[in-house]
$ cat final25.cif   # mmCIF, C-alpha atoms and all ligand atoms
data_my_file
loop_
_atom_site.label_atom_id
_atom_site.label_comp_id
_atom_site.auth_asym_id
_atom_site.auth_seq_id
_atom_site.Cartn_x
_atom_site.Cartn_y
_atom_site.Cartn_z
CA MET A 157 100.72 96.46 115.41
CA ARG A 158 99.40 93.27 113.82
CA ILE A 159 96.14 93.75 111.88
CA THR A 160 94.37 90.84 110.14
CA HIS A 161 91.10 92.63 109.27
CA ALA A 162 90.35 96.13 108.05
CA TYR A 163 87.28 98.04 106.91
CA CYS A 164 87.38 98.55 103.14
CA VAL A 165 85.60 101.75 102.11
CA GLU A 166 84.96 100.67 98.50
CA LEU A 167 83.63 97.21 99.48
CA ASP A 168 81.83 98.62 102.54
CA ASP A 169 82.87 95.52 104.45
CA VAL A 170 85.40 94.23 106.96
CA VAL A 171 87.81 92.02 105.03
CA THR A 172 91.05 90.03 105.34
CA ILE A 173 93.83 90.95 102.93
CA ASP A 174 93.08 87.77 100.90
CA GLU A 175 89.43 88.76 100.57
CA ALA A 176 90.51 92.23 99.47
CA ARG A 177 92.85 90.76 96.86
CA ARG A 178 90.24 88.38 95.40
CA ALA A 179 87.68 91.18 95.20
CA TYR A 180 90.19 93.64 93.72
CA LEU A 181 91.51 91.26 91.06
CA SER A 182 87.99 90.04 90.20
CA THR A 183 86.79 93.54 89.33
CA ASP A 184 86.86 94.53 85.70
CA PRO A 185 88.27 97.04 84.86
CA THR A 186 90.85 97.06 87.66
CA PRO A 187 89.75 99.69 90.19
CA ALA A 188 91.88 102.34 91.87
CA ARG A 189 93.54 101.13 95.06
CA TYR A 190 91.16 100.46 97.92
CA THR A 191 90.99 102.65 101.00
CA PHE A 192 91.21 100.76 104.31
CA THR A 193 90.56 102.00 107.82
CA CYS A 194 90.55 100.38 111.24
CA THR A 195 87.67 97.99 112.02
CA ASP A 196 87.00 100.05 115.17
CA THR A 197 84.48 102.81 114.45
CA GLY A 198 86.12 105.05 117.07
CA CYS A 199 89.52 104.68 115.35
CA ARG A 200 87.81 105.38 112.04
CA GLU A 201 86.53 108.72 113.35
CA ASN A 202 90.10 109.36 114.46
CA LYS A 203 91.17 108.84 110.80
CA ALA A 204 93.14 105.68 111.59
CA VAL A 205 93.93 104.69 108.02
CA VAL A 206 95.31 101.19 107.40
CA SER A 207 97.58 100.45 104.46
CA GLY A 208 97.01 97.33 102.30
CA VAL A 209 100.38 95.93 101.16
CA ASN A 210 100.90 93.69 98.10
CA TYR A 211 97.22 92.90 97.48
CA THR A 212 96.90 94.50 94.01
CA PHE A 213 98.67 91.64 92.24
CA ASN A 214 98.67 87.86 92.45
CA ALA A 215 100.76 86.04 95.03
CA GLU A 216 104.16 85.15 93.60
CA ASP A 217 106.79 82.79 94.90
CA PHE A 218 109.66 85.25 95.32
CA PRO A 219 112.06 84.54 98.17
CA LYS A 220 112.09 88.21 99.16
CA ARG A 221 108.44 88.99 98.43
CA VAL A 222 106.48 89.91 101.53
CA GLU A 223 103.06 88.24 101.75
CA ALA A 224 100.12 90.62 101.38
CA HIS A 225 99.17 92.17 104.72
CA PHE A 226 97.68 95.20 106.44
CA ARG A 227 99.91 97.77 108.10
CA ALA A 228 98.94 100.48 110.57
CA ILE A 229 100.22 103.76 109.15
CA SER A 230 99.84 105.81 112.33
CA PRO A 231 99.50 103.43 115.29
CA GLU A 232 99.01 106.41 117.64
CA LYS A 233 95.67 107.22 115.97
CA HIS A 234 94.18 103.96 117.24
CA LEU A 235 92.19 104.25 120.45
CA ALA A 236 93.27 102.49 123.63
CA THR A 237 90.20 100.23 123.24
CA CYS A 238 90.99 99.28 119.62
CA GLU A 239 91.03 95.46 119.25
CA TRP A 240 94.38 95.53 117.39
CA ARG A 241 96.03 97.72 119.99
CA LEU A 242 94.74 95.41 122.75
CA ALA A 243 96.05 92.37 120.87
CA SER A 244 99.50 93.90 120.45
CA ASN A 245 99.58 94.86 124.14
CA ALA A 246 98.82 91.21 124.94
CA ASP A 247 101.74 90.21 122.69
CA ALA A 248 104.09 92.47 124.59
CA ALA A 249 103.03 91.10 127.98
CA ASP A 250 104.74 87.75 127.76
CA THR A 251 103.46 86.14 130.96
CA PRO A 252 103.92 82.37 131.11
CA VAL A 253 100.60 80.58 131.28
CA GLU A 254 99.99 77.93 133.91
CA GLY A 255 100.21 74.38 132.62
CA GLU A 256 102.15 75.24 129.48
CA SER A 257 104.73 72.69 128.30
CA PRO A 258 108.04 73.88 126.78
CA GLU A 259 106.63 73.04 123.34
CA ASP A 260 103.51 75.14 124.05
CA VAL A 261 105.75 78.08 124.91
CA LEU A 262 107.78 77.54 121.72
CA GLU A 263 104.56 77.45 119.67
CA ARG A 264 103.14 80.55 121.34
CA THR A 265 106.30 82.60 120.84
CA ALA A 266 106.71 81.31 117.26
CA LYS A 267 103.17 82.43 116.42
CA ARG A 268 103.98 85.95 117.56
CA LYS A 269 106.37 86.25 114.63
CA LEU A 270 103.49 85.67 112.20
CA THR A 271 101.10 88.24 110.81
CA ASP A 272 98.13 85.88 110.76
CA ARG A 273 97.97 83.11 113.35
CA ILE A 274 95.24 80.74 112.24
CA THR A 275 94.37 78.21 114.94
CA ASP A 276 91.30 76.56 113.41
CA PHE A 277 90.63 75.64 109.80
CA ASN A 278 87.33 74.33 108.48
CA PRO A 279 87.92 73.05 104.95
CA ASP A 280 84.15 72.84 104.45
CA ARG A 281 84.10 69.63 102.45
CA GLN A 282 80.30 69.60 102.42
CA ALA A 283 78.39 70.17 99.23
CA PRO A 284 78.52 73.87 98.39
CA ARG A 285 75.47 75.93 99.16
CA PRO A 286 74.04 78.06 96.36
CA ASP A 287 75.87 81.34 95.79
CA ASP A 288 78.32 80.61 98.55
CA ASP A 289 82.04 81.12 98.28
CA GLY A 290 82.68 79.29 101.53
CA GLU A 291 83.41 82.33 103.63
CA HIS A 292 81.74 84.52 106.18
CA LEU A 293 80.02 81.71 108.02
CA GLU A 294 78.38 82.94 111.15
CA GLY A 295 80.80 82.85 114.07
CA GLU A 296 83.66 81.91 111.78
CA GLU A 297 86.12 84.47 112.97
CA VAL A 298 87.04 84.94 116.59
CA ARG A 299 88.88 88.16 117.15
CA PRO A 300 91.13 88.80 120.11
CA VAL A 301 88.94 88.85 123.19
CA ARG A 302 88.19 92.35 124.36
CA PRO A 303 88.73 92.65 128.10
CA ARG A 304 86.09 94.33 130.22
CA ALA A 305 87.31 97.80 131.05
CA ASP A 306 86.14 97.67 134.66
CA ARG A 307 88.37 94.82 135.88
CA PRO A 308 91.67 93.31 134.81
CA ARG A 309 91.74 89.77 133.38
CA PRO A 310 95.40 88.82 133.59
CA LEU A 311 95.47 85.08 132.86
CA ASP A 312 92.63 84.41 130.45
CA PRO A 313 94.12 81.79 128.07
CA ASP A 314 92.00 83.10 125.19
CA ARG A 315 93.59 86.46 125.68
CA VAL A 316 97.12 84.99 125.52
CA ASN A 317 96.28 82.56 122.72
CA PRO A 318 93.29 83.99 120.87
CA ARG A 319 91.72 81.57 118.42
CA THR A 320 91.48 82.56 114.80
CA ARG A 321 89.14 80.45 112.69
CA THR A 322 88.81 80.47 108.96
CA GLN A 323 87.45 78.50 106.01
CA ASP A 324 89.62 80.42 103.56
CA LEU A 325 92.27 78.08 102.10
CA GLU A 326 94.21 80.97 100.52
CA ARG A 327 94.46 82.67 103.87
CA LEU A 328 95.76 79.46 105.46
CA VAL A 329 98.24 78.97 102.61
CA HIS A 330 99.63 82.47 103.01
CA SER A 331 99.99 82.00 106.74
CA TYR A 332 101.76 78.66 106.16
CA ARG A 333 104.10 80.25 103.61
CA GLU A 334 104.94 83.05 106.00
CA ALA A 335 105.68 80.50 108.74
CA ARG A 336 108.01 78.57 106.43
CA ALA A 337 109.80 81.75 105.43
CA GLU A 338 110.11 83.36 108.85
CA LEU A 339 110.44 80.60 111.45
CA SER A 340 113.23 78.22 112.41
CA GLU A 341 112.74 74.50 111.76
CA ALA A 342 111.93 73.88 115.45
CA GLU A 343 109.46 76.78 115.55
CA LEU A 344 107.78 75.60 112.35
CA ARG A 345 107.44 72.07 113.73
CA SER A 346 105.85 73.41 116.92
CA LEU A 347 102.87 74.93 115.08
CA HIS A 348 99.58 73.04 115.28
CA ILE A 349 96.20 73.63 113.73
CA ASN A 350 92.73 72.31 114.53
CA VAL A 351 91.17 71.04 111.33
CA ALA A 352 87.46 70.23 111.24
CA GLY A 353 87.05 66.52 110.54
CA VAL A 354 90.75 65.83 111.22
CA GLY A 355 91.51 67.16 114.70
CA ARG A 356 94.67 68.77 116.02
CA ILE A 357 97.61 68.25 113.70
CA ARG A 358 101.04 69.77 113.08
CA LEU A 359 100.74 72.44 110.41
CA ILE A 360 103.63 70.95 108.41
CA GLU A 361 101.88 67.57 108.43
CA TYR A 362 98.61 69.07 107.21
CA PHE A 363 100.46 70.41 104.14
CA ARG A 364 101.73 67.33 102.30
CA PRO A 365 104.07 67.54 99.28
CA LEU A 366 102.73 65.71 96.24
CA GLN A 367 105.63 63.24 96.08
CA TYR A 368 104.55 61.85 99.49
CA CYS A 369 100.91 61.43 98.43
CA ASP A 370 99.01 58.59 96.83
CA GLU A 371 95.42 57.47 96.30
CA ARG A 372 95.02 56.96 100.07
CA THR A 373 95.80 60.60 100.84
CA ILE A 374 92.74 62.43 102.12
CA ASN A 375 92.12 65.52 104.23
CA ARG A 376 95.53 67.06 103.50
CA ILE A 377 96.57 70.17 101.61
CA ILE A 378 98.40 68.46 98.76
CA ASN A 379 100.99 70.80 97.28
CA GLY A 380 103.53 70.84 94.50
CA GLY A 381 104.79 72.70 91.45
CA ALA A 382 102.88 72.51 88.18
CA HIS A 383 102.96 73.74 84.59
CA PHE A 384 100.06 74.95 82.47
CA ASP A 385 98.90 72.07 80.25
CA ARG A 386 95.85 73.19 78.26
CA ASP A 387 92.60 75.12 78.27
CA TYR A 388 89.09 73.67 78.29
CA GLY A 389 87.09 76.78 77.45
CA GLN A 390 86.99 78.74 80.70
CA GLY A 391 88.38 75.63 82.40
CA PHE A 392 92.00 74.46 82.37
CA ARG A 393 94.35 71.59 83.11
CA LEU A 394 97.68 71.76 84.96
CA LYS A 395 100.40 69.12 84.86
CA MET A 396 102.14 68.55 88.18
CA ILE A 397 105.94 68.45 88.06
CA ASP A 398 106.26 65.44 90.38
CA ARG A 399 104.90 62.02 89.54
CA ILE A 400 103.16 59.40 91.63
CA LYS A 401 104.33 55.79 91.16
CA GLY A 402 106.02 56.86 87.95
CA LEU A 403 102.81 58.25 86.42
CA PRO A 404 102.09 61.91 85.59
CA VAL A 405 99.51 63.81 87.64
CA PHE A 406 97.02 66.26 86.16
CA LEU A 407 94.75 68.76 87.86
CA TYR A 408 91.66 69.45 85.78
CA VAL A 409 89.16 72.23 86.44
CA GLY A 410 86.15 72.08 84.16
CA ALA A 411 84.38 75.05 82.60
CA ASP A 412 81.30 74.35 84.76
CA MET A 413 83.29 74.62 87.98
CA MET A 414 84.84 77.89 86.77
CA GLU A 415 81.49 79.27 85.64
CA SER A 416 79.89 78.75 89.04
CA TYR A 417 82.76 80.33 91.01
CA ARG A 418 82.41 83.91 92.17
CA TYR A 419 86.14 84.66 91.75
CA ARG A 420 86.58 82.96 88.35
CA LYS A 421 88.26 86.03 86.82
CA TYR A 422 90.79 86.00 89.64
CA VAL A 423 91.62 82.31 89.07
CA ARG A 424 91.60 82.67 85.28
CA ASP A 425 94.09 85.57 85.42
CA ILE A 426 96.52 83.51 87.50
CA VAL A 427 96.22 80.56 85.09
CA ASN A 428 96.79 82.87 82.09
CA ARG A 429 100.02 84.06 83.66
CA ILE A 430 101.54 80.64 84.39
CA PRO A 431 103.42 80.30 81.05
CA ALA A 432 105.32 83.55 81.77
CA HIS A 433 106.50 82.08 85.07
CA ARG A 434 108.72 79.09 85.83
CA ASN A 435 105.78 77.23 87.30
CA VAL A 436 102.87 77.61 89.67
CA ARG A 437 102.67 76.27 93.21
CA VAL A 438 99.43 74.36 93.66
CA TYR A 439 97.74 73.85 97.05
CA VAL A 440 94.67 71.66 96.87
CA ASN A 441 92.37 69.87 99.26
CA GLY A 442 91.46 67.02 96.92
CA VAL A 443 91.86 63.33 96.11
CA PHE A 444 93.73 61.24 93.51
CA ARG A 445 92.00 59.01 91.00
CA LEU A 446 93.71 56.76 88.48
CA ALA A 447 92.69 57.64 84.93
CA PRO A 448 90.51 54.97 83.24
CA ASN A 449 93.41 54.05 80.92
CA GLY A 450 95.70 53.58 83.96
CA LYS A 451 98.37 55.87 82.50
CA SER A 452 98.01 58.96 84.69
CA TRP A 453 96.55 60.32 87.91
CA SER A 454 93.91 62.94 88.20
CA LEU A 455 94.06 65.24 91.24
CA GLN A 456 90.41 66.10 91.80
CA LEU A 457 88.76 68.90 93.73
CA ASP A 458 85.04 69.51 94.18
CA HIS A 459 85.06 73.31 94.48
CA LEU A 460 87.51 76.07 93.60
CA ARG A 461 87.62 77.20 97.21
CA HIS A 462 89.72 74.06 97.78
CA LEU A 463 92.42 75.36 95.43
CA ALA A 464 95.08 78.05 95.95
CA LEU A 465 97.66 78.98 93.31
CA VAL A 466 100.91 80.89 93.85
CA LEU A 467 102.88 81.85 90.74
CA GLY A 468 106.56 80.89 90.59
CA ALA A 469 109.28 83.42 89.78
CA LYS A 470 108.98 85.05 86.36
CA VAL A 471 110.99 83.49 83.55
CA GLU A 472 113.81 85.85 82.55
CA PRO A 473 114.36 85.95 78.77
CA ALA A 474 117.89 84.52 79.19
CA ALA A 475 116.61 81.63 81.33
CA ALA A 476 113.64 80.55 79.26
CA ALA A 477 114.56 76.86 79.67
CA PRO A 478 115.52 76.50 83.34
CA ALA A 479 117.77 73.51 83.95
CA THR A 480 116.25 72.89 87.39
CA GLU A 481 112.93 71.73 85.98
CA GLN A 482 112.69 68.30 84.47
CA PRO A 483 109.62 67.87 82.28
CA ALA A 484 107.23 65.67 84.20
ZN ZN B 1 92.10 100.82 115.62
#

$ encode --input "final25.cif" --output "structure tokens" --more "lines below"
Ligand SMILES: [Zn+2]
Amino acid sequence: MRITHAYCVELDDVVTIDEARRAYLSTDPTPARYTFTCTDTGCRENKAVVSGVNYTFNAEDFPKRVEAHFRAISPEKHLATCEWRLASNADAADTPVEGESPEDVLERTAKRKLTDRITDFNPDRQAPRPDDDGEHLEGEEVRPVRPRADRPRPLDPDRVNPRTRTQDLERLVHSYREARAELSEAELRSLHINVAGVGRIRLIEYFRPLQYCDERTINRIINGGAHFDRDYGQGFRLKMIDRIKGLPVFLYVGADMMESYRYRKYVRDIVNRIPAHRNVRVYVNGVFRLAPNGKSWSLQLDHLRHLALVLGAKVEPAAAAPATEQPA
């Protein structure tokens, strides 16, 4: 049973696993593990506990590491009307939908292999509102449509392909990483996403590796490996491993930007850990600017919600100087 949202007792809120992780790792001192139950109040009375997996530590780039997710411990405790049970029933009923092309069918079946199937992403490039972390916009999330109990609705396209909207870049990154890990090349290529301000685009084209980017790149999730470079008080600078036009690329986050971010402790902890890892994978919705001296590029972002960091594998003592990484 696929569950993307759960009620967190300690936070007294319905959260995604990424929201739970940011809240958990931003709390000082580190709290005991959270208790999650089903979002359905009826299931909650039935003691339908939900387990949070891999959310108590930062995302790491291990080939075998399972992305953080929710898992139903006792699926039988969920009511027949529970939204997650209804969604998984819809998954099982694999009726072809009228007007679907072979690629649509490939995309639909590929998505069923994913925990979190985001269909719509709003990067929210507008100026940040005060005290806003860019989440929980009204109407942001569309859950699987709940059918009316009194009559069957067999061919509602929203029921077969429910839309899942988010503004949370980390959530999108984790879904993308799961797709890359779990799907075949053809399945991965079939996935599309609706991006506000961009339109419908293949997911793998929305995520663009740094080496294929330049100063004209906009409205893409630029991604690449990086090393820790230096601190600027609470702020920091990362040096990307790949270069653009032969010049090094730096990502600078100033102390002011850190100070105004609700989850600064979460970000700071990841940055502090980078030296103990081979590198960090950077995902950023930003732009490139040539430094005034013309000797390097600056990869600029305007809010930390446009940045997601995934730590590389830990450096083993015997492999402190990995041969696979050329200094940039
Ligand atoms: Zn339930």

$ closest_residue --input "final25.cif" --among "A:Met413, A:Leu235, A:Leu344, A:Met157" --to "A:Thr265" --atoms "only C-alpha atoms"
A:Leu344

$ closest_atom_pairs --input "final25.cif" --of "chain A" --to "ligand ZN 1 (chain B)" --cutoff "9 Å" --atoms "only C-alpha atoms and all ligand atoms" --output "CSV"
residue,atom,partner,partner_atom,distance
A:Ile159,CA,B:ZN1,ZN,9.0
A:Thr193,CA,B:ZN1,ZN,8.0
A:Cys194,CA,B:ZN1,ZN,4.7
A:Thr195,CA,B:ZN1,ZN,6.4
A:Asp196,CA,B:ZN1,ZN,5.2
A:Thr197,CA,B:ZN1,ZN,8.0
A:Gly198,CA,B:ZN1,ZN,7.5
A:Cys199,CA,B:ZN1,ZN,4.7
A:Arg200,CA,B:ZN1,ZN,7.2
A:Asn202,CA,B:ZN1,ZN,8.8
A:Ala204,CA,B:ZN1,ZN,6.4
A:Val205,CA,B:ZN1,ZN,8.7
A:Val206,CA,B:ZN1,ZN,8.8
A:Ala228,CA,B:ZN1,ZN,8.5
A:Pro231,CA,B:ZN1,ZN,7.9
A:Lys233,CA,B:ZN1,ZN,7.3
A:His234,CA,B:ZN1,ZN,4.1
A:Leu235,CA,B:ZN1,ZN,5.9
A:Ala236,CA,B:ZN1,ZN,8.3
A:Thr237,CA,B:ZN1,ZN,7.9
A:Cys238,CA,B:ZN1,ZN,4.4
A:Glu239,CA,B:ZN1,ZN,6.6
A:Trp240,CA,B:ZN1,ZN,6.0
A:Arg241,CA,B:ZN1,ZN,6.6

$ atom_distance --input "final25.cif" --atom1 "atom CA of A:Pro258" --atom2 "atom CA of A:Leu328"
25.2 Å

$ closest_residue --input "final25.cif" --among "A:Ala352, A:Arg319, A:Pro365, A:Arg158" --to "A:Thr271" --atoms "only C-alpha atoms"
A:Arg158

$ residues_around --input "final25.cif" --residues "A:Asp370" --least-positions-apart "6" --cutoff "12 Å" --atoms "all atoms listed in the file" --output "NGL selection string"
:A and (364 or 376 or 378 or 398-403 or 405 or 442-446 or 453-455)

$ atom_distance --input "final25.cif" --atom1 "atom CA of A:Glu334" --atom2 "atom CA of A:Ala224"
10.1 Å

$ closest_residue --input "final25.cif" --among "A:Gly380, A:Gly391, A:Gly255, A:Gly208" --to "A:Tyr439" --atoms "all atoms listed in the file"
A:Gly380

$ closest_residue --input "final25.cif" --among "A:Thr160, A:Asn350, A:Asn375, A:Asn449" --to "A:Ser244" --atoms "only C-alpha atoms"
A:Thr160

$ closest_residue --input "final25.cif" --among "A:Asp174, A:Ala469, A:Val438, A:Ala342" --to "A:Glu223" --atoms "only C-alpha atoms"
A:Asp174

$ closest_residue --input "final25.cif" --among "A:Phe277, A:Tyr211, A:Tyr422, A:Tyr368" --to "A:Ala464" --atoms "all atoms listed in the file"
A:Tyr422

$ atom_distance --input "final25.cif" --atom1 "atom CA of A:Asn214" --atom2 "atom CA of A:Thr172"
15.1 Å
